[in-house]
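Here's input17.cif, which has mmCIF, C-alpha atoms:
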data_run
#
loop_
_atom_site.label_atom_id
_atom_site.label_comp_id
_atom_site.auth_asym_id
_atom_site.auth_seq_id
_atom_site.Cartn_x
_atom_site.Cartn_y
_atom_site.Cartn_z
CA MET P 1 266.75 149.32 88.14
CA LYS P 2 264.25 148.88 85.36
CA LYS P 3 262.36 151.56 83.47
CA ASN P 4 259.21 150.58 85.38
CA ASP P 5 260.93 151.48 88.63
CA TYR P 6 261.58 155.04 87.52
CA ILE P 7 258.00 155.45 86.30
CA LEU P 8 256.72 154.13 89.63
CA ILE P 9 258.95 156.45 91.65
CA GLY P 10 257.93 159.40 89.52
CA ILE P 11 254.20 158.73 89.89
CA LEU P 12 254.44 158.19 93.65
CA LEU P 13 256.48 161.34 94.20
CA ILE P 14 254.08 163.44 92.12
CA LEU P 15 251.08 162.04 94.03
CA SER P 16 252.68 162.76 97.39
CA LEU P 17 253.61 166.26 96.24
CA ALA P 18 249.98 166.81 95.24
CA VAL P 19 248.78 165.73 98.69
CA SER P 20 251.27 167.98 100.47
CA LEU P 21 250.49 170.93 98.24
CA SER P 22 246.74 170.55 98.67
CA VAL P 23 247.14 170.49 102.45
CA PHE P 24 249.47 173.46 102.27
CA LEU P 25 247.07 175.53 100.19
CA LYS P 26 243.97 174.41 102.05
CA GLY P 27 245.70 175.04 105.36
CA HIS P 28 246.29 178.61 104.35
CA ALA P 29 242.67 179.08 103.35
CA SER P 30 241.08 177.46 106.41
CA GLU P 31 243.57 178.57 109.01
CA ALA P 32 242.28 181.05 111.51
CA SER P 33 239.13 181.94 109.67
CA VAL P 34 236.64 182.46 112.48
CA VAL P 35 236.34 185.56 114.60
CA VAL P 36 234.59 185.12 117.92
CA ILE P 37 233.17 188.04 119.90
CA ALA P 38 232.45 187.41 123.54
CA VAL P 39 230.95 189.61 126.24
CA ASP P 40 231.33 188.55 129.86
CA GLY P 41 232.94 185.37 128.60
CA ASN P 42 229.91 184.34 126.58
CA ALA P 43 230.24 184.21 122.84
CA VAL P 44 227.75 186.62 121.28
CA GLY P 45 228.69 186.04 117.70
CA THR P 46 231.07 184.34 115.31
CA TYR P 47 232.05 185.83 111.99
CA SER P 48 234.22 184.82 109.07
CA LEU P 49 237.56 186.53 108.80
CA ARG P 50 237.17 186.43 105.02
CA GLU P 51 234.18 188.77 104.82
CA ASP P 52 234.77 192.43 105.43
CA ARG P 53 232.19 193.90 107.78
CA GLU P 54 231.62 196.11 110.80
CA ILE P 55 229.96 194.78 113.90
CA PRO P 56 228.64 197.26 116.46
CA ILE P 57 228.43 195.95 120.00
CA ASP P 58 226.23 198.02 122.29
CA ASN P 59 225.32 196.89 125.77
CA GLU P 60 225.17 198.14 129.33
CA TYR P 61 228.95 198.49 129.41
CA GLY P 62 229.21 200.78 126.40
CA HIS P 63 229.79 200.93 122.69
CA ASN P 64 232.37 199.16 120.54
CA LEU P 65 232.71 198.85 116.82
CA ILE P 66 234.54 195.78 115.65
CA VAL P 67 235.86 195.94 112.12
CA ILE P 68 236.85 192.98 109.97
CA SER P 69 238.77 193.92 106.85
CA ASP P 70 241.38 192.28 104.65
CA GLY P 71 241.51 189.20 106.86
CA LYS P 72 242.27 191.25 109.96
CA VAL P 73 240.18 192.31 112.93
CA PHE P 74 240.46 195.46 114.97
CA ILE P 75 238.35 197.67 117.21
CA GLY P 76 237.42 200.76 115.24
CA GLU P 77 235.48 202.67 117.86
CA SER P 78 235.14 202.42 121.58
CA ASP P 79 233.77 204.74 124.24
CA CYS P 80 235.80 203.16 127.01
CA ASP P 81 238.26 205.20 129.05
CA GLY P 82 241.66 203.93 128.07
CA ARG P 83 241.07 203.02 124.41
CA ASP P 84 243.56 200.23 124.94
CA CYS P 85 241.44 197.99 122.77
CA ILE P 86 241.94 200.29 119.80
CA ALA P 87 245.65 200.53 120.58
CA MET P 88 245.92 196.73 120.45
CA GLY P 89 245.73 197.04 116.72
CA ARG P 90 244.90 194.41 114.14
CA ILE P 91 244.92 190.68 114.73
CA SER P 92 244.82 187.98 112.10
CA LYS P 93 246.26 184.75 113.48
CA GLY P 94 244.60 181.89 115.34
CA GLY P 95 244.75 182.45 119.08
CA ASP P 96 245.20 186.22 118.77
CA ARG P 97 242.98 188.23 121.06
CA ILE P 98 241.83 191.77 121.64
CA VAL P 99 240.35 192.62 125.00
CA CYS P 100 238.37 195.65 126.07
CA LEU P 101 238.33 195.16 129.79
CA PRO P 102 236.01 198.01 130.81
CA HIS P 103 233.42 196.66 128.38
CA ARG P 104 234.01 193.01 129.31
CA LEU P 105 234.63 192.46 125.62
CA GLU P 106 236.85 189.87 124.02
CA VAL P 107 237.51 189.44 120.34
CA TYR P 108 239.57 186.45 119.35
CA ILE P 109 240.39 184.30 116.38
CA LYS P 110 239.71 180.63 116.57
CA GLY P 111 242.73 178.74 115.30
CA GLY P 112 242.33 176.44 112.36
CA ASP P 113 243.92 173.03 112.39
CA GLY P 114 247.17 174.36 113.69
CA VAL P 115 249.77 171.83 114.74
CA ASP P 116 252.45 173.42 116.86
CA THR P 117 254.56 170.38 117.56
CA VAL P 118 254.06 166.71 117.15
CA ALA P 119 255.96 164.41 119.47
CA TYR P 120 256.73 160.95 118.24
CA MET V 1 250.68 115.45 109.44
CA LYS V 2 252.46 118.28 107.73
CA ARG V 3 256.20 117.88 107.90
CA VAL V 4 258.05 120.78 109.41
CA ASN V 5 261.07 121.88 107.44
CA VAL V 6 263.54 122.44 110.26
CA LYS V 7 266.13 124.22 108.15
CA ARG V 8 263.54 126.66 106.90
CA LEU V 9 262.29 127.23 110.41
CA CYS V 10 265.81 127.94 111.65
CA VAL V 11 266.53 130.39 108.85
CA MET V 12 263.26 132.18 109.60
CA GLY V 13 264.22 132.45 113.25
CA VAL V 14 267.61 133.86 112.34
CA LEU V 15 265.99 136.35 110.00
CA ILE V 16 263.62 137.55 112.74
CA ALA V 17 266.59 137.98 115.06
CA ALA V 18 268.48 139.88 112.35
CA ALA V 19 265.50 142.13 111.67
CA MET V 20 265.12 142.89 115.38
CA LEU V 21 268.80 143.70 115.63
CA PHE V 22 268.50 146.05 112.67
CA SER V 23 265.54 147.88 114.18
CA TYR V 24 267.43 148.22 117.47
CA VAL V 25 270.63 149.44 115.81
CA GLU V 26 268.83 152.02 113.71
CA SER V 27 267.13 153.40 116.82
CA LEU V 28 270.65 154.34 117.96
CA VAL V 29 271.44 156.16 114.73
CA PRO V 30 270.32 159.77 114.91
CA VAL V 31 268.74 161.20 111.80
CA PHE V 32 269.38 164.89 111.37
CA LEU V 33 266.22 165.90 109.62
CA PRO V 34 263.58 168.34 110.80
CA ILE V 35 260.86 165.80 110.04
CA PRO V 36 259.61 163.67 112.92
CA GLY V 37 259.60 159.92 112.66
CA VAL V 38 262.27 159.44 110.00
CA ARG V 39 264.21 156.22 110.24
CA LEU V 40 266.40 154.17 107.95
CA GLY V 41 264.13 151.13 107.91
CA LEU V 42 267.01 148.68 107.81
CA ALA V 43 264.74 145.90 109.03
CA ASN V 44 262.97 146.14 105.73
CA ILE V 45 266.02 144.56 104.09
CA VAL V 46 265.25 141.37 105.96
CA VAL V 47 261.54 141.46 105.20
CA LEU V 48 262.19 142.00 101.52
CA LEU V 49 264.79 139.25 101.49
CA ALA V 50 262.29 136.92 103.14
CA LEU V 51 259.67 137.91 100.60
CA LEU V 52 262.05 137.00 97.79
CA MET V 53 263.11 133.67 99.26
CA PHE V 54 260.17 132.34 101.22
CA LYS V 55 256.47 131.92 100.69
CA PRO V 56 254.49 135.14 101.23
CA GLY V 57 252.92 133.81 104.42
CA GLU V 58 256.30 132.98 105.93
CA ALA V 59 257.75 136.35 104.96
CA PHE V 60 254.73 138.04 106.52
CA LEU V 61 255.24 136.06 109.71
CA ILE V 62 258.91 137.11 109.89
CA GLY V 63 258.04 140.78 109.43
CA PHE V 64 255.05 140.75 111.74
CA ILE V 65 256.84 139.00 114.60
CA ARG V 66 259.72 141.44 114.18
CA VAL V 67 257.38 144.43 114.46
CA LEU V 68 255.53 142.94 117.42
CA LEU V 69 258.65 141.96 119.37
CA SER V 70 260.64 145.13 118.82
CA GLY V 71 257.49 147.15 119.54
CA ILE V 72 257.04 145.39 122.87
CA LEU V 73 260.74 145.44 123.77
CA PHE V 74 261.87 148.90 122.65
CA GLY V 75 258.69 150.85 122.03
CA ASN V 76 255.39 151.92 123.46
CA PRO V 77 251.80 151.24 122.33
CA PHE V 78 251.90 154.35 120.18
CA SER V 79 255.07 153.41 118.31
CA LEU V 80 253.80 149.84 118.02
CA ALA V 81 250.64 151.04 116.28
CA MET V 82 252.72 153.22 114.00
CA SER V 83 255.23 150.57 112.97
CA CYS V 84 252.49 147.96 112.68
CA SER V 85 250.48 150.05 110.24
CA GLY V 86 253.65 150.90 108.34
CA PHE V 87 254.64 147.27 108.08
CA LEU V 88 251.21 146.03 107.00
CA LEU V 89 250.84 148.46 104.12
CA SER V 90 254.43 148.26 102.96
CA PHE V 91 254.34 144.47 103.02
CA LEU V 92 251.13 144.40 101.02
CA VAL V 93 252.57 146.81 98.45
CA MET V 94 255.87 144.93 98.19
CA TYR V 95 254.03 141.63 97.80
CA ILE V 96 251.85 142.96 95.00
CA PHE V 97 254.81 144.53 93.23
CA LYS V 98 256.91 141.44 93.59
CA ARG V 99 254.12 139.27 92.19
CA SER V 100 253.63 141.58 89.23
CA ASP V 101 257.23 140.75 88.28
CA LYS V 102 257.59 144.10 86.54
CA PHE V 103 259.88 145.76 89.04
CA SER V 104 263.46 145.26 90.17
CA ILE V 105 264.41 144.63 93.80
CA PRO V 106 265.31 148.29 94.49
CA GLY V 107 262.01 149.31 92.87
CA ILE V 108 260.02 147.04 95.18
CA SER V 109 261.99 148.32 98.14
CA ILE V 110 261.39 151.97 97.22
CA ALA V 111 257.65 151.38 96.89
CA GLY V 112 257.69 149.58 100.25
CA GLY V 113 259.62 152.39 101.90
CA MET V 114 257.29 155.06 100.57
CA PHE V 115 254.11 153.24 101.52
CA HIS V 116 255.53 152.49 104.95
CA ASN V 117 255.73 156.22 105.54
CA VAL V 118 252.32 156.83 103.98
CA ALA V 119 250.73 154.30 106.36
CA GLN V 120 252.50 155.81 109.36
CA LEU V 121 251.35 159.26 108.38
CA LEU V 122 247.75 158.09 108.01
CA CYS V 123 248.03 156.38 111.40
CA ALA V 124 249.36 159.58 112.97
CA ARG V 125 246.56 161.51 111.30
CA ILE V 126 243.98 159.22 112.93
CA ILE V 127 245.65 159.24 116.35
CA LEU V 128 246.16 163.01 116.40
CA SER V 129 242.96 163.66 114.42
CA SER V 130 244.84 166.42 112.69
CA TYR V 131 244.56 167.05 109.00
CA GLY V 132 247.46 169.50 108.88
CA ILE V 133 249.98 166.74 109.49
CA MET V 134 249.35 165.45 105.97
CA ILE V 135 251.64 168.22 104.77
CA TYR V 136 254.50 165.86 105.63
CA MET V 137 253.40 163.54 102.83
CA PHE V 138 255.88 164.77 100.25
CA PRO V 139 259.00 165.03 102.45
CA LEU V 140 258.27 161.62 103.95
CA CYS V 141 257.83 160.07 100.50
CA VAL V 142 261.14 161.56 99.37
CA VAL V 143 262.81 160.14 102.48
CA GLY V 144 261.08 156.79 101.91
CA CYS V 145 262.37 156.80 98.35
CA ILE V 146 265.97 157.41 99.44
CA THR V 147 266.00 154.90 102.29
CA GLY V 148 264.09 152.39 100.15
CA CYS V 149 266.69 152.78 97.43
CA ILE V 150 269.60 152.18 99.82
CA ASN V 151 267.86 149.17 101.40
CA GLY V 152 266.87 147.83 98.01
CA PHE V 153 270.43 147.79 96.70
CA ILE V 154 271.73 146.19 99.90
CA CYS V 155 268.99 143.57 99.61
CA LYS V 156 269.82 142.97 95.95
CA MET V 157 273.48 142.43 96.78
CA ILE V 158 272.65 139.97 99.54
CA PHE V 159 270.12 138.17 97.37
CA GLU V 160 272.55 137.74 94.50
CA ARG V 161 275.30 136.44 96.74
CA THR V 162 273.21 133.93 98.67
CA ASP V 163 272.89 130.31 97.81
CA LYS V 164 269.11 130.16 97.60
CA HIS V 165 269.05 126.39 97.37
CA ASP V 166 270.97 126.02 100.58
CA TRP V 167 268.56 128.31 102.43
CA ILE V 168 265.22 126.86 101.61
CA SER V 169 265.80 123.32 100.45
CA GLU V 170 264.35 120.35 102.23
CA GLY V 171 266.43 118.41 104.71
#

Can the structure from this file be put into structure tokens for me?
Amino acid sequence: MKKNDYILIGILLILSLAVSLSVFLKGHASEASVVVIAVDGNAVGTYSLREDREIPIDNEYGHNLIVISDGKVFIGESDCDGRDCIAMGRISKGGDRIVCLPHRLEVYIKGGDGVDTVAY
Amino acid sequence: MKRVNVKRLCVMGVLIAAAMLFSYVESLVPVFLPIPGVRLGLANIVVLLALLMFKPGEAFLIGFIRVLLSGILFGNPFSLAMSCSGFLLSFLVMYIFKRSDKFSIPGISIAGGMFHNVAQLLCARIILSSYGIMIYMFPLCVVGCITGCINGFICKMIFERTDKHDWISEG
């Protein structure tokens, strides 16, 4: 092995590490960043999980207040009977879902570029 | 008419057969790593050996026929596309590095092994249209480095112990 070989190996390994790290960091930033609110199965709004805000939903079924804070979503207020939607707590991962059945309301997080398994 | 060097042709045929045997044998060897698609790449020994002994075009032919045949015999269209892309890039890289004359045989082999995996990963990225898979870049390059190193030293040993004149001479 010559000196050139070691330099080459070093450069290639550093480059590949940079690629992997950038994907790793970017993956964490972009993963599961969109909150979708749907009533009767129709999306009525999409919001970023990064921005803290409160979204009131008022329609013929009733009142809900959806709260986005610290990268998590939860139902803050609801005038439905069971309050199950509030009990479902906070969600933050792609594919997670809160449902308020009496109000035909769904709040879910659209997954990022999640790869569960890859079959070769 | 261009004279066909029969000896050369025979050696090339034997090398293709050897490369195919290697790629079959290594498919029987399980690799205990949590990364998909890791293989030893033993067939690369033959391709590198051919690159050192034959003209680039002939070495390319040996490698390409090997990939095509073992892809058709043991694989599926998906694995054929993967190994084809891996072979093309790694061959190109090994050819350039060999021509530059600045690297040793293990060095060329390591570069080939790494770029083989890089090409396969890019191919998988296109097929799956998933960006997240690129996270495998570093582990696959480390694996490519290790397997390339092993193959490179084996290739170096074979190369040093072979009578080059007997292999490729006219007659």

- Task: Find the residues in chain P near chain V: any atom within 6 Å counts, using only C-alpha atoms. Write them as a ChimeraX atom specification.
- Result: /P:1,5,16-17,20,23

Would you kindly return, as a PDB file with C-alpha atoms, keeping the file's coordinate frame, each protein, DNA or RNA residue with an atom no farther than 10 Å from any atom of range 53-61 of chain P, considering all atoms listed in the file and excluding same-chain residues fewer than 2 positions away?
ATOM      1  CA  ILE P  37     233.170 188.040 119.900  1.00  0.00           C
ATOM      2  CA  VAL P  39     230.950 189.610 126.240  1.00  0.00           C
ATOM      3  CA  VAL P  44     227.750 186.620 121.280  1.00  0.00           C
ATOM      4  CA  GLY P  45     228.690 186.040 117.700  1.00  0.00           C
ATOM      5  CA  TYR P  47     232.050 185.830 111.990  1.00  0.00           C
ATOM      6  CA  SER P  48     234.220 184.820 109.070  1.00  0.00           C
ATOM      7  CA  LEU P  49     237.560 186.530 108.800  1.00  0.00           C
ATOM      8  CA  ARG P  50     237.170 186.430 105.020  1.00  0.00           C
ATOM      9  CA  GLU P  51     234.180 188.770 104.820  1.00  0.00           C
ATOM     10  CA  HIS P  63     229.790 200.930 122.690  1.00  0.00           C
ATOM     11  CA  ASN P  64     232.370 199.160 120.540  1.00  0.00           C
ATOM     12  CA  LEU P  65     232.710 198.850 116.820  1.00  0.00           C
ATOM     13  CA  ILE P  66     234.540 195.780 115.650  1.00  0.00           C
ATOM     14  CA  VAL P  67     235.860 195.940 112.120  1.00  0.00           C
ATOM     15  CA  ILE P  68     236.850 192.980 109.970  1.00  0.00           C
ATOM     16  CA  SER P  69     238.770 193.920 106.850  1.00  0.00           C
ATOM     17  CA  ASP P  70     241.380 192.280 104.650  1.00  0.00           C
ATOM     18  CA  VAL P  73     240.180 192.310 112.930  1.00  0.00           C
ATOM     19  CA  PHE P  74     240.460 195.460 114.970  1.00  0.00           C
ATOM     20  CA  ILE P  75     238.350 197.670 117.210  1.00  0.00           C
ATOM     21  CA  GLY P  76     237.420 200.760 115.240  1.00  0.00           C
ATOM     22  CA  GLU P  77     235.480 202.670 117.860  1.00  0.00           C
ATOM     23  CA  SER P  78     235.140 202.420 121.580  1.00  0.00           C
ATOM     24  CA  ASP P  79     233.770 204.740 124.240  1.00  0.00           C
ATOM     25  CA  CYS P  80     235.800 203.160 127.010  1.00  0.00           C
ATOM     26  CA  LEU P 101     238.330 195.160 129.790  1.00  0.00           C
ATOM     27  CA  PRO P 102     236.010 198.010 130.810  1.00  0.00           C
ATOM     28  CA  HIS P 103     233.420 196.660 128.380  1.00  0.00           C
ATOM     29  CA  ARG P 104     234.010 193.010 129.310  1.00  0.00           C
ATOM     30  CA  LEU P 105     234.630 192.460 125.620  1.00  0.00           C
TER      31      LEU P 105
END

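Once the PyMOL selection byres ((chain P and resi 98) around 7) is applied to this file, the selection holds Cys85, Met88, Arg97, Val99, Cys100, Glu106, Val107 and Tyr108 of chain P.
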
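Among the candidate residues V:Val38, V:Ala18, V:Met12, V:Leu28, the one lying nearest to Gly57 in chain V is V:Met12, with distances computed using all atoms listed in the file.
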
- So how many Å separate CA of Ser70 in chain V and CA of Met20 in chain V, to one decimal? 6.1 Å

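Across the model, the gap from CA of Ala59 in chain V to CA of Gly112 in chain V is 14.0 Å.
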
Generate N, CA, C and O atoms for range 33-50 of chain P and emit them as a CSV table (one decimal), in the frame of the given file.
chain,number,residue,atom,x,y,z
P,33,SER,N,240.1,181.2,110.5
P,33,SER,CA,239.1,181.9,109.7
P,33,SER,C,237.9,182.4,110.4
P,33,SER,O,237.1,183.1,109.9
P,34,VAL,N,237.8,182.1,111.7
P,34,VAL,CA,236.6,182.5,112.5
P,34,VAL,C,237.0,183.5,113.6
P,34,VAL,O,237.9,183.3,114.4
P,35,VAL,N,236.2,184.5,113.6
P,35,VAL,CA,236.3,185.6,114.6
P,35,VAL,C,235.2,185.4,115.6
P,35,VAL,O,234.1,185.3,115.3
P,36,VAL,N,235.6,185.3,116.9
P,36,VAL,CA,234.6,185.1,117.9
P,36,VAL,C,234.5,186.4,118.8
P,36,VAL,O,235.6,186.9,119.2
P,37,ILE,N,233.4,186.9,119.0
P,37,ILE,CA,233.2,188.0,119.9
P,37,ILE,C,232.5,187.6,121.2
P,37,ILE,O,231.4,186.9,121.1
P,38,ALA,N,233.0,187.9,122.3
P,38,ALA,CA,232.4,187.4,123.5
P,38,ALA,C,232.3,188.6,124.5
P,38,ALA,O,233.2,189.4,124.6
P,39,VAL,N,231.2,188.6,125.2
P,39,VAL,CA,231.0,189.6,126.2
P,39,VAL,C,230.7,188.9,127.5
P,39,VAL,O,229.9,187.9,127.6
P,40,ASP,N,231.4,189.2,128.6
P,40,ASP,CA,231.3,188.6,129.9
P,40,ASP,C,231.7,187.1,129.7
P,40,ASP,O,231.2,186.2,130.5
P,41,GLY,N,232.5,186.8,128.8
P,41,GLY,CA,232.9,185.4,128.6
P,41,GLY,C,232.0,184.5,127.8
P,41,GLY,O,232.3,183.4,127.5
P,42,ASN,N,230.8,185.1,127.4
P,42,ASN,CA,229.9,184.3,126.6
P,42,ASN,C,230.0,184.8,125.1
P,42,ASN,O,229.9,186.0,124.9
P,43,ALA,N,230.2,183.9,124.3
P,43,ALA,CA,230.2,184.2,122.8
P,43,ALA,C,228.9,184.8,122.4
P,43,ALA,O,227.8,184.2,122.6
P,44,VAL,N,229.0,186.0,121.8
P,44,VAL,CA,227.8,186.6,121.3
P,44,VAL,C,227.7,186.6,119.8
P,44,VAL,O,226.7,186.9,119.2
P,45,GLY,N,228.8,186.2,119.2
P,45,GLY,CA,228.7,186.0,117.7
P,45,GLY,C,230.0,185.5,117.1
P,45,GLY,O,231.1,185.7,117.7
P,46,THR,N,229.9,184.8,116.0
P,46,THR,CA,231.1,184.3,115.3
P,46,THR,C,230.9,184.8,113.9
P,46,THR,O,229.9,184.8,113.3
P,47,TYR,N,232.1,185.3,113.3
P,47,TYR,CA,232.0,185.8,112.0
P,47,TYR,C,233.2,185.3,111.2
P,47,TYR,O,234.3,184.9,111.8
P,48,SER,N,233.1,185.3,109.9
P,48,SER,CA,234.2,184.8,109.1
P,48,SER,C,235.2,185.9,108.9
P,48,SER,O,234.9,187.1,108.8
P,49,LEU,N,236.5,185.6,109.0
P,49,LEU,CA,237.6,186.5,108.8
P,49,LEU,C,237.7,187.0,107.3
P,49,LEU,O,238.3,187.9,107.0
P,50,ARG,N,237.0,186.2,106.5
P,50,ARG,CA,237.2,186.4,105.0
P,50,ARG,C,236.3,187.6,104.6
P,50,ARG,O,236.6,188.3,103.6
